[in-house]
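Asker: As input, take protein.csv (CSV, C-alpha atoms and all ligand atoms):
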```
chain,number,residue,atom,x,y,z
A,1,MET,CA,-57.3,18.3,-42.1
A,2,LYS,CA,-58.4,16.6,-38.9
A,3,LEU,CA,-56.6,13.4,-39.9
A,4,SER,CA,-53.3,15.2,-40.8
A,5,LYS,CA,-53.5,16.9,-37.4
A,6,LEU,CA,-53.9,13.6,-35.7
A,7,PHE,CA,-51.0,12.2,-37.7
A,8,PHE,CA,-48.7,15.0,-36.8
A,9,GLY,CA,-49.8,14.8,-33.2
A,10,LEU,CA,-49.1,11.0,-33.1
A,11,ALA,CA,-45.8,11.5,-34.8
A,12,ALA,CA,-44.8,14.1,-32.3
A,13,CYS,CA,-45.8,11.8,-29.4
A,14,ALA,CA,-43.8,9.0,-31.0
A,15,LEU,CA,-40.8,11.2,-31.4
A,16,THR,CA,-40.7,12.2,-27.7
A,17,ALA,CA,-42.0,8.8,-26.4
A,18,VAL,CA,-39.3,6.7,-28.1
A,19,PRO,CA,-36.3,8.2,-26.3
A,20,PHE,CA,-38.1,8.1,-23.0
A,21,THR,CA,-39.0,4.4,-23.4
A,22,ALA,CA,-35.5,3.7,-24.5
A,23,LEU,CA,-34.2,5.6,-21.5
A,24,ALA,CA,-36.4,3.8,-19.1
A,25,GLN,CA,-34.9,0.5,-20.3
A,26,GLN,CA,-31.3,1.6,-19.9
A,27,PRO,CA,-29.9,0.5,-16.6
A,28,ILE,CA,-28.4,3.1,-14.3
A,29,VAL,CA,-24.7,2.6,-14.6
A,30,ILE,CA,-22.6,2.8,-11.5
A,31,LYS,CA,-18.8,2.8,-12.1
A,32,PHE,CA,-17.0,1.4,-9.1
A,33,SER,CA,-13.3,2.0,-9.3
A,34,HIS,CA,-10.7,0.6,-6.9
A,35,VAL,CA,-6.9,0.1,-6.8
A,36,VAL,CA,-6.4,-3.5,-5.6
A,37,ALA,CA,-6.5,-6.8,-7.4
A,38,HIS,CA,-9.8,-8.5,-8.0
A,39,ASP,CA,-9.0,-11.5,-5.7
A,40,THR,CA,-8.6,-9.4,-2.5
A,41,PRO,CA,-11.2,-8.7,0.2
A,42,LYS,CA,-12.1,-5.4,-1.4
A,43,GLY,CA,-12.0,-6.7,-5.0
A,44,LEU,CA,-14.2,-9.7,-4.2
A,45,ALA,CA,-16.7,-7.6,-2.1
A,46,ALA,CA,-17.0,-5.0,-5.0
A,47,GLU,CA,-17.9,-7.9,-7.4
A,48,TYR,CA,-20.3,-9.3,-4.8
A,49,PHE,CA,-22.0,-5.9,-4.5
A,50,ALA,CA,-22.3,-5.6,-8.3
A,51,LYS,CA,-24.0,-9.0,-8.4
A,52,ARG,CA,-26.4,-8.2,-5.5
A,53,ALA,CA,-27.2,-4.8,-7.0
A,54,GLY,CA,-28.2,-6.4,-10.3
A,55,GLU,CA,-30.3,-9.0,-8.5
A,56,LEU,CA,-32.1,-6.6,-6.1
A,57,THR,CA,-32.8,-3.9,-8.6
A,58,LYS,CA,-33.8,-6.5,-11.2
A,59,GLY,CA,-31.3,-5.0,-13.6
A,60,LYS,CA,-32.3,-1.4,-13.1
A,61,ALA,CA,-28.8,-0.7,-11.8
A,62,LYS,CA,-25.7,-2.0,-13.4
A,63,VAL,CA,-22.5,-1.8,-11.3
A,64,GLU,CA,-19.3,-1.9,-13.4
A,65,VAL,CA,-16.2,-2.7,-11.3
A,66,TYR,CA,-12.8,-1.4,-12.4
A,67,ALA,CA,-10.1,-3.1,-10.4
A,68,ASN,CA,-6.3,-2.6,-10.1
A,69,SER,CA,-6.3,1.2,-10.8
A,70,THR,CA,-7.4,0.5,-14.4
A,71,LEU,CA,-9.7,3.5,-14.3
A,72,TYR,CA,-8.0,5.8,-11.7
A,73,LYS,CA,-5.1,5.8,-9.3
A,74,ASP,CA,-5.3,6.8,-5.6
A,75,LYS,CA,-5.4,10.6,-5.8
A,76,GLU,CA,-7.3,10.8,-9.1
A,77,GLU,CA,-10.1,8.5,-8.0
A,78,MET,CA,-11.1,10.8,-5.2
A,79,GLU,CA,-11.2,13.8,-7.6
A,80,ALA,CA,-13.1,11.7,-10.2
A,81,LEU,CA,-15.7,10.8,-7.5
A,82,GLN,CA,-16.3,14.4,-6.6
A,83,LEU,CA,-16.6,15.4,-10.3
A,84,GLY,CA,-19.0,12.5,-10.9
A,85,ALA,CA,-16.7,10.8,-13.5
A,86,VAL,CA,-17.0,7.7,-11.4
A,87,GLN,CA,-19.9,7.0,-8.9
A,88,MET,CA,-18.4,4.7,-6.3
A,89,LEU,CA,-15.1,3.9,-4.6
A,90,ALA,CA,-13.8,2.2,-1.6
A,91,PRO,CA,-10.5,4.0,-0.6
A,92,SER,CA,-8.5,2.9,2.3
A,93,LEU,CA,-9.3,5.0,5.4
A,94,ALA,CA,-5.7,6.3,5.2
A,95,LYS,CA,-6.6,8.2,2.1
A,96,PHE,CA,-9.2,10.7,3.3
A,97,GLY,CA,-6.8,13.3,4.6
A,98,PRO,CA,-6.3,15.0,1.2
A,99,LEU,CA,-10.1,15.3,0.9
A,100,GLY,CA,-10.0,17.3,4.1
A,101,VAL,CA,-11.4,14.6,6.4
A,102,LYS,CA,-8.3,14.0,8.5
A,103,GLU,CA,-10.3,12.3,11.3
A,104,PHE,CA,-10.3,9.1,9.3
A,105,GLU,CA,-6.6,8.8,10.1
A,106,LEU,CA,-7.4,7.6,13.6
A,107,PHE,CA,-7.6,4.1,12.0
A,108,ASP,CA,-3.9,4.5,11.1
A,109,LEU,CA,-2.8,4.9,14.7
A,110,PRO,CA,-0.4,2.1,15.7
A,111,TYR,CA,-1.8,-0.8,17.6
A,112,ILE,CA,-5.1,1.0,18.2
A,113,PHE,CA,-7.1,-2.2,17.5
A,114,ASP,CA,-6.1,-5.6,18.8
A,115,ASN,CA,-8.6,-7.5,16.7
A,116,TYR,CA,-11.5,-7.2,14.3
A,117,GLU,CA,-14.1,-7.2,17.1
A,118,GLU,CA,-12.6,-4.0,18.6
A,119,LEU,CA,-12.5,-2.4,15.1
A,120,HIS,CA,-16.1,-3.3,14.5
A,121,ARG,CA,-17.2,-1.6,17.7
A,122,VAL,CA,-16.0,1.6,16.1
A,123,THR,CA,-16.8,1.1,12.4
A,124,GLN,CA,-20.3,-0.3,13.1
A,125,GLY,CA,-21.2,2.0,15.9
A,126,ALA,CA,-22.0,5.6,16.5
A,127,VAL,CA,-18.4,6.7,15.9
A,128,GLY,CA,-18.3,5.1,12.5
A,129,ALA,CA,-21.6,6.8,11.6
A,130,SER,CA,-20.4,10.2,12.7
A,131,LEU,CA,-17.2,9.8,10.6
A,132,LEU,CA,-19.2,8.9,7.5
A,133,LYS,CA,-21.3,12.1,8.0
A,134,LYS,CA,-18.2,14.2,7.8
A,135,LEU,CA,-17.9,13.3,4.1
A,136,GLU,CA,-21.2,15.0,3.2
A,137,PRO,CA,-19.9,18.6,2.9
A,138,LYS,CA,-17.3,17.2,0.4
A,139,GLY,CA,-20.1,16.0,-1.9
A,140,VAL,CA,-19.5,12.4,-0.9
A,141,THR,CA,-21.9,10.0,0.9
A,142,GLY,CA,-20.4,7.2,3.0
A,143,LEU,CA,-22.2,3.9,2.7
A,144,ALA,CA,-20.2,1.4,4.7
A,145,PHE,CA,-16.9,0.3,6.2
A,146,TRP,CA,-15.3,-2.8,4.7
A,147,ASP,CA,-12.5,-4.8,6.5
A,148,ASN,CA,-9.2,-5.7,5.1
A,149,GLY,CA,-6.6,-6.5,7.7
A,150,PHE,CA,-3.6,-5.9,9.9
A,151,LYS,CA,-0.5,-4.4,8.3
A,152,SER,CA,3.0,-5.8,8.5
A,153,PHE,CA,6.3,-4.3,7.5
A,154,SER,CA,8.4,-5.7,4.6
A,155,ALA,CA,11.8,-4.8,3.3
A,156,ASN,CA,14.9,-6.4,1.7
A,157,THR,CA,16.7,-6.7,5.1
A,158,PRO,CA,15.3,-8.5,8.2
A,159,ILE,CA,13.0,-6.5,10.5
A,160,LYS,CA,13.1,-7.8,14.1
A,161,MET,CA,13.4,-4.6,16.1
A,162,PRO,CA,12.4,-1.0,15.5
A,163,ALA,CA,16.0,-0.1,14.8
A,164,ASP,CA,16.0,-2.3,11.8
A,165,LEU,CA,13.9,0.3,10.0
A,166,LYS,CA,16.2,3.2,10.8
A,167,GLY,CA,17.1,5.2,7.7
A,168,LYS,CA,14.9,3.0,5.5
A,169,LYS,CA,12.8,4.7,2.8
A,170,MET,CA,9.3,3.3,3.5
A,171,ARG,CA,6.3,3.7,1.2
A,172,ILE,CA,3.2,5.0,2.9
A,173,GLN,CA,-0.4,5.9,1.9
A,174,SER,CA,-1.2,9.7,2.1
A,175,SER,CA,-1.7,9.9,5.8
A,176,LYS,CA,0.0,12.2,8.3
A,177,VAL,CA,-0.4,9.6,11.0
A,178,LEU,CA,1.5,7.0,8.9
A,179,GLU,CA,4.1,9.7,8.2
A,180,GLU,CA,4.5,10.2,12.0
A,181,GLN,CA,4.6,6.4,12.5
A,182,MET,CA,7.5,6.0,10.2
A,183,ARG,CA,9.3,9.0,11.8
A,184,ALA,CA,8.9,7.4,15.2
A,185,LEU,CA,10.9,4.4,13.8
A,186,SER,CA,13.5,6.8,12.3
A,187,ALA,CA,12.5,5.7,8.8
A,188,LEU,CA,11.9,8.0,5.9
A,189,PRO,CA,8.2,8.0,4.8
A,190,GLN,CA,7.4,8.4,1.1
A,191,VAL,CA,3.8,8.7,-0.2
A,192,ILE,CA,3.5,6.7,-3.4
A,193,ALA,CA,0.3,5.7,-5.2
A,194,PHE,CA,-0.6,2.0,-4.7
A,195,SER,CA,-0.3,1.2,-8.4
A,196,GLU,CA,3.3,2.3,-8.3
A,197,VAL,CA,4.5,0.5,-5.2
A,198,TYR,CA,5.8,-2.7,-6.9
A,199,GLN,CA,8.0,-0.7,-9.3
A,200,ALA,CA,9.2,1.6,-6.5
A,201,LEU,CA,10.3,-1.4,-4.5
A,202,GLN,CA,11.8,-3.1,-7.5
A,203,THR,CA,13.9,-0.1,-8.6
A,204,GLY,CA,14.9,0.9,-5.0
A,205,VAL,CA,13.0,4.2,-5.0
A,206,VAL,CA,11.9,2.8,-1.6
A,207,ASP,CA,13.3,0.0,0.6
A,208,GLY,CA,10.2,-1.3,2.1
A,209,THR,CA,6.5,-0.8,2.8
A,210,GLU,CA,3.6,-1.9,5.0
A,211,ASN,CA,0.6,-3.8,3.9
A,212,PRO,CA,-2.1,-6.3,4.8
A,213,ILE,CA,-0.8,-9.6,3.4
A,214,SER,CA,-3.6,-9.8,0.8
A,215,ASN,CA,-2.1,-6.7,-0.9
A,216,LEU,CA,1.5,-7.9,-0.6
A,217,TYR,CA,0.6,-11.2,-2.2
A,218,THR,CA,-1.8,-10.1,-5.0
A,219,GLN,CA,0.5,-7.2,-6.1
A,220,LYS,CA,3.4,-9.7,-6.1
A,221,MET,CA,5.4,-7.6,-3.8
A,222,PHE,CA,6.9,-10.8,-2.4
A,223,GLU,CA,9.0,-10.8,-5.7
A,224,VAL,CA,10.7,-7.6,-4.6
A,225,GLN,CA,10.8,-7.9,-0.8
A,226,LYS,CA,13.0,-10.5,0.8
A,227,HIS,CA,11.7,-10.0,4.3
A,228,LEU,CA,8.2,-9.8,5.8
A,229,SER,CA,7.9,-9.3,9.6
A,230,LEU,CA,4.5,-10.0,11.1
A,231,THR,CA,4.4,-6.8,13.1
A,232,GLU,CA,0.7,-6.3,12.7
A,233,HIS,CA,1.3,-2.8,13.9
A,234,GLY,CA,-1.7,-1.1,12.3
A,235,TYR,CA,-4.9,-1.7,10.5
A,236,LEU,CA,-6.2,-1.1,7.0
A,237,ALA,CA,-9.9,-0.9,6.1
A,238,TYR,CA,-12.1,0.9,3.6
A,239,ALA,CA,-15.0,3.3,3.4
A,240,VAL,CA,-17.3,2.6,0.5
A,241,VAL,CA,-18.3,6.0,-0.8
A,242,VAL,CA,-20.6,7.3,-3.5
A,243,ASN,CA,-21.0,10.7,-5.2
A,244,LYS,CA,-23.7,12.4,-3.1
A,245,LYS,CA,-25.5,14.2,-5.9
A,246,PHE,CA,-25.7,10.9,-7.9
A,247,TRP,CA,-26.9,8.9,-4.9
A,248,GLU,CA,-29.6,11.4,-3.9
A,249,GLY,CA,-30.7,11.7,-7.5
A,250,LEU,CA,-31.5,8.0,-7.8
A,251,PRO,CA,-35.1,6.8,-7.9
A,252,ALA,CA,-36.0,6.0,-4.2
A,253,ASP,CA,-36.8,2.4,-4.9
A,254,VAL,CA,-33.4,1.8,-6.6
A,255,ARG,CA,-31.6,3.6,-3.7
A,256,THR,CA,-33.3,1.3,-1.2
A,257,GLN,CA,-32.4,-1.8,-3.2
A,258,LEU,CA,-28.8,-0.7,-3.5
A,259,THR,CA,-28.6,0.0,0.2
A,260,ALA,CA,-29.7,-3.6,0.8
A,261,ALA,CA,-27.1,-4.8,-1.7
A,262,MET,CA,-24.5,-2.8,0.2
A,263,LYS,CA,-25.6,-4.4,3.5
A,264,ASP,CA,-25.1,-7.9,2.0
A,265,ALA,CA,-21.8,-6.9,0.4
A,266,THR,CA,-20.5,-5.5,3.7
A,267,ALA,CA,-21.4,-8.7,5.6
A,268,TYR,CA,-19.6,-10.6,2.8
A,269,ALA,CA,-16.5,-8.3,2.9
A,270,ASN,CA,-16.1,-8.6,6.6
A,271,LYS,CA,-16.6,-12.4,6.5
A,272,ILE,CA,-13.9,-13.0,3.9
A,273,ALA,CA,-11.2,-10.4,4.9
A,274,LYS,CA,-9.4,-12.5,7.5
A,275,GLU,CA,-9.8,-15.7,5.5
A,276,GLN,CA,-8.2,-14.0,2.4
A,277,ASN,CA,-5.3,-12.6,4.4
A,278,ASP,CA,-4.6,-15.9,6.2
A,279,LYS,CA,-4.8,-17.7,2.9
A,280,ASP,CA,-2.4,-15.2,1.2
A,281,LEU,CA,0.1,-15.5,4.1
A,282,GLU,CA,0.4,-19.2,3.4
A,283,ALA,CA,0.7,-18.4,-0.3
A,284,VAL,CA,3.5,-15.9,0.3
A,285,LYS,CA,5.3,-18.5,2.4
A,286,LYS,CA,5.0,-21.1,-0.3
A,287,THR,CA,6.6,-18.8,-2.9
A,288,GLY,CA,9.9,-19.1,-0.9
A,289,LYS,CA,10.8,-15.6,-2.1
A,290,THR,CA,10.0,-13.7,1.1
A,291,GLN,CA,11.2,-14.9,4.5
A,292,VAL,CA,8.3,-14.5,6.9
A,293,TYR,CA,9.3,-13.7,10.5
A,294,THR,CA,7.1,-13.8,13.6
A,295,LEU,CA,8.2,-11.4,16.3
A,296,SER,CA,8.9,-12.7,19.8
A,297,ALA,CA,6.9,-11.1,22.6
A,298,ALA,CA,9.9,-8.9,23.5
A,299,GLU,CA,10.3,-7.7,19.9
A,300,LYS,CA,6.6,-6.9,19.7
A,301,THR,CA,6.8,-4.9,22.9
A,302,ALA,CA,9.8,-3.0,21.5
A,303,PHE,CA,7.6,-2.0,18.4
A,304,LYS,CA,4.7,-1.0,20.7
A,305,LYS,CA,7.0,1.2,22.9
A,306,ALA,CA,8.6,2.8,19.8
A,307,LEU,CA,5.2,3.6,18.3
A,308,ALA,CA,3.2,4.6,21.4
A,309,PRO,CA,4.2,8.3,21.2
A,310,VAL,CA,2.4,8.6,17.8
A,311,HIS,CA,-0.9,8.6,19.6
A,312,ALA,CA,-0.1,11.8,21.6
A,313,LYS,CA,1.6,13.5,18.7
A,314,MET,CA,-1.5,13.0,16.4
A,315,GLU,CA,-4.1,13.8,19.0
A,316,SER,CA,-4.7,17.4,17.9
A,317,ARG,CA,-4.9,16.3,14.2
A,318,ILE,CA,-7.6,13.7,14.9
A,319,GLY,CA,-9.4,15.5,17.7
A,320,LYS,CA,-9.1,14.7,21.4
A,321,ASP,CA,-12.8,14.0,21.9
A,322,LEU,CA,-13.0,11.7,18.9
A,323,LEU,CA,-9.9,9.8,20.0
A,324,GLN,CA,-11.2,9.4,23.5
A,325,SER,CA,-14.5,8.0,22.3
A,326,VAL,CA,-12.6,5.4,20.2
A,327,TYR,CA,-10.4,4.5,23.2
A,328,LYS,CA,-13.5,4.1,25.2
A,329,GLU,CA,-15.1,1.8,22.6
A,330,THR,CA,-12.1,-0.5,22.4
A,331,GLY,CA,-10.7,-0.2,25.9
A,332,PHE,CA,-7.4,0.9,24.5
A,333,ASP,CA,-4.9,2.8,26.6
A,334,PRO,CA,-1.9,4.2,24.8
A,335,SER,CA,0.1,4.6,28.0
A,336,LYS,CA,-0.1,0.8,28.4
A,337,LEU,CA,1.6,0.1,25.0
B,1,LIG,C1,-2.6,1.1,-0.2
B,1,LIG,O1,-2.4,2.1,-0.9
B,1,LIG,O2,-1.6,0.5,0.3
B,1,LIG,C2,-3.9,0.6,0.1
B,1,LIG,O3,-4.8,1.6,0.3
B,1,LIG,C3,-4.5,-0.2,-1.1
B,1,LIG,C4,-5.9,-0.7,-0.8
B,1,LIG,O4,-6.8,-0.1,-1.3
B,1,LIG,O5,-5.9,-1.7,-0.1
```
Would you give me this structure, written as structure tokens?
Ligand code: LMR

Answerer:
Amino acid sequence: MKLSKLFFGLAACALTAVPFTALAQQPIVIKFSHVVAHDTPKGLAAEYFAKRAGELTKGKAKVEVYANSTLYKDKEEMEALQLGAVQMLAPSLAKFGPLGVKEFELFDLPYIFDNYEELHRVTQGAVGASLLKKLEPKGVTGLAFWDNGFKSFSANTPIKMPADLKGKKMRIQSSKVLEEQMRALSALPQVIAFSEVYQALQTGVVDGTENPISNLYTQKMFEVQKHLSLTEHGYLAYAVVVNKKFWEGLPADVRTQLTAAMKDATAYANKIAKEQNDKDLEAVKKTGKTQVYTLSAAEKTAFKKALAPVHAKMESRIGKDLLQSVYKETGFDPSKL
């Protein structure tokens, strides 16, 4: 009697213990979805993060990177993150408006940053931290900002002056500031998911677009855009975000290790961003399919003058105080454009 009780007791223990042991050995899977090619600043940084996360957690966490919109496209990925279908993303800062965090669109303002140093004063300072906090009520935790680069216009006709974009259908990301930017040039903005841009350019749904060179090159847009003008009129960077509930539910040690992995990946991302874009510009030139044009000083001034009014027009959308604190950080004065 006693023995059989012990037997049943042990059997019950074994039945419950086995799944727990098995569970304890299963890594925590973090699906990291993004829309660009793997050999871009974001793609490479995501892979670097996956590697560091594996090393620092000693295999307790496994980051699976899904590049090139293979898992979700622009709009879907944000919804999937909130639903917990995917745990991590790094959308461009121009894509947070639909989530209800329109302040991120300040990064889309024309010529607001002259260089990466000015940008970092914002992304790595108090303003950047306050922006990431705005994501929390949406069920999203912001972990870091990652660089990409300065955007330039491309089309099938030469772009030397603002008037060259008049009446052109231009693909944009889902940002009201970018919409206003295109209107300031008398162009016709069209929001299209990144994964569909190549085809939209190829079939003439749109005439042109704007991109950092790394995106233009790795998506092969040079095949369907005859002209690229180095306007460098705006900036494109990313916020690495994670589902808040998932993040807060992680064992504390794993979360600390992942935070350290993210710190390393951020340093890596920001180190390679310019290098990748410079390298890809040379690669675009080598294809011979896209004419690359460098604006003269007078032409650049004409673009600045045409785009300056976007700052005042978008001030109420972004928030006057926020905008002023960014101007203060960077020393930017829109009236001097
Ligand atoms: C775009 O849609 O043009 C970019 O946001 C793509 C990216 O993630 O760099």

Asker: For the contact check between chain A and ligand LIG 1 (chain B), emit one row per residue of chain A within 6 Å, containing the shortest atom pair and the distance in Å rounded to one decimal, counting all atoms listed in the file, chain then rising number order, as JSON lines.

Answerer:
```
{"residue": "A:Val35", "atom": "CA", "partner": "B:LIG1", "partner_atom": "O4", "distance": 5.5}
{"residue": "A:Val36", "atom": "CA", "partner": "B:LIG1", "partner_atom": "O4", "distance": 5.5}
{"residue": "A:Pro91", "atom": "CA", "partner": "B:LIG1", "partner_atom": "O4", "distance": 5.6}
{"residue": "A:Ser92", "atom": "CA", "partner": "B:LIG1", "partner_atom": "O3", "distance": 4.4}
{"residue": "A:Gln173", "atom": "CA", "partner": "B:LIG1", "partner_atom": "O1", "distance": 5.1}
{"residue": "A:Phe194", "atom": "CA", "partner": "B:LIG1", "partner_atom": "O1", "distance": 4.2}
```

Asker: How close does region 202-317 of chain A get to region 41-59 of chain A? List, as a Markdown table, each residue of region 202-317 of chain A within 7 Å, its nearest atom pair and the distance in Å to one decimal, counting all atoms listed in the file.

Answerer:
```
| residue | atom | partner | partner_atom | distance |
| --- | --- | --- | --- | --- |
| A:Val254 | CA | A:Thr57 | CA | 6.1 |
| A:Gln257 | CA | A:Leu56 | CA | 5.6 |
| A:Leu258 | CA | A:Ala53 | CA | 5.6 |
| A:Ala261 | CA | A:Arg52 | CA | 5.1 |
| A:Met262 | CA | A:Phe49 | CA | 6.2 |
| A:Ala265 | CA | A:Phe49 | CA | 5.0 |
| A:Tyr268 | CA | A:Ala45 | CA | 6.4 |
| A:Ala269 | CA | A:Ala45 | CA | 5.1 |
| A:Ile272 | CA | A:Pro41 | CA | 6.3 |
| A:Ala273 | CA | A:Pro41 | CA | 5.0 |
| A:Gln276 | CA | A:Pro41 | CA | 6.5 |
```

Asker: Taking all atoms listed in the file into account, which of A:Lys226, A:Lys95, A:Lys31, A:Lys245 comes nearest Thr287 (chain A)?

Answerer: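 So, comparing all the options, the nearest one is A:Lys226.
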
Asker: Skipping near chain neighbours, those fewer than 3 positions away, what residues fall within 10 Å of Phe113 (chain A) using only C-alpha atoms, listed as a list in words?

Answerer: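 Residues meeting the cut-off are Phe107, Asp108, Leu109, Pro110, Tyr116, Glu117, Glu118, Leu119, His120, Val122, Phe150, His233, Gly234, Tyr235, Val326, Tyr327, Thr330, Gly331 and Phe332 of chain A.
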
Asker: With distances taken over only C-alpha atoms, which of A:Arg121, A:Lys102, A:Lys305, A:Lys160 is nearest to Lys134 (chain A)?

Answerer: A:Lys102

Asker: Counting all atoms listed in the file, which residues sit no farther than 9 Å from the position (-18.5, 4.5, 2.2) in the file's frame? I'd like them as an NGL selection string.

Answerer: :A and (88-91 or 132 or 140-146 or 238-242)

Asker: Please identify all polymer residues lying at most 8 Å from the point (-4.2, -2.0, 25.1) (file coordinates), using only C-alpha atoms, and present the result as a list in words.

Answerer: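 Checked against the point, the hits come out as Tyr111, Ile112, Asp114, Gly331, Phe332, Asp333, Pro334, Lys336 and Leu337 of chain A.
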
Asker: How many Å separate CA of Lys60 (chain A) from CA of Thr259 (chain A)?

Answerer: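 Taking CA of Lys60 (chain A) and CA of Thr259 (chain A), their separation equals 13.9 Å.
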
Asker: Could you pull the residues within 10 Å of Asn211 (chain A), counting all atoms listed in the file, minus those fewer than 4 positions along the same chain, as a list in words?

Answerer: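 Near neighbours after the sequence-gap exclusion: Gly149, Phe150, Lys151, Ser152, Phe153, Ser154, Arg171, Ile172, Gln173, Asn215, Leu216, Tyr217, Met221, Leu228, Glu232, Gly234, Tyr235 and Leu236 of chain A.
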
Asker: What would the file look like if the residues just selected were written as a compact mmCIF listing (two decimals), keeping the file's coordinate frame with C-alpha atoms?

Answerer:
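And here's again_31.txt as it stands now:
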```
# COMPACT_ATOMS: atom_id res chain seq x y z
CA GLY A 149 -6.60 -6.50 7.70
CA PHE A 150 -3.60 -5.90 9.90
CA LYS A 151 -0.50 -4.40 8.30
CA SER A 152 3.00 -5.80 8.50
CA PHE A 153 6.30 -4.30 7.50
CA SER A 154 8.40 -5.70 4.60
CA ARG A 171 6.30 3.70 1.20
CA ILE A 172 3.20 5.00 2.90
CA GLN A 173 -0.40 5.90 1.90
CA ASN A 215 -2.10 -6.70 -0.90
CA LEU A 216 1.50 -7.90 -0.60
CA TYR A 217 0.60 -11.20 -2.20
CA MET A 221 5.40 -7.60 -3.80
CA LEU A 228 8.20 -9.80 5.80
CA GLU A 232 0.70 -6.30 12.70
CA GLY A 234 -1.70 -1.10 12.30
CA TYR A 235 -4.90 -1.70 10.50
CA LEU A 236 -6.20 -1.10 7.00
```

Asker: Near Leu322 (chain A), counting all atoms listed in the file, which residues have an atom at most 10 Å away, once you skip same-chain residues fewer than 5 positions from it, shown as a list of chain:residue names?

Answerer: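 That gives A:Glu103, A:Leu106, A:Val127, A:Ser130, A:Leu131, A:Glu315, A:Tyr327, A:Lys328.
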
Asker: Would you mind reading off the distance between CA of His227 (chain A) and CA of Thr70 (chain A), one decimal, in Å?

Answerer: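 Atom-to-atom, CA of His227 (chain A) and CA of Thr70 (chain A) are spaced 28.7 Å apart.
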
Asker: Between CA of Thr209 (chain A) and CA of Asp164 (chain A), what is the distance in Å, rounded to a tenth?

Answerer: 13.2 Å

Asker: Can you tell me which residues surround Glu299 (chain A) at a distance of at most 7 Å, considering all atoms listed in the file, apart from same-chain residues fewer than 4 positions away, and format the answer as number ranges by chain?

Answerer: A: 160-161, 295, 303

Asker: Excluding Tyr72 (chain A) and any residue of its chain fewer than 5 positions from it, enumerate the residues within 9 Å of it, using all atoms listed in the file, and give them as a list in words.

Answerer: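 Neighbouring residues, sequence-local ones excluded: Ser33, His34, Val35, Tyr66, Glu77, Met78 and Ala80 of chain A.
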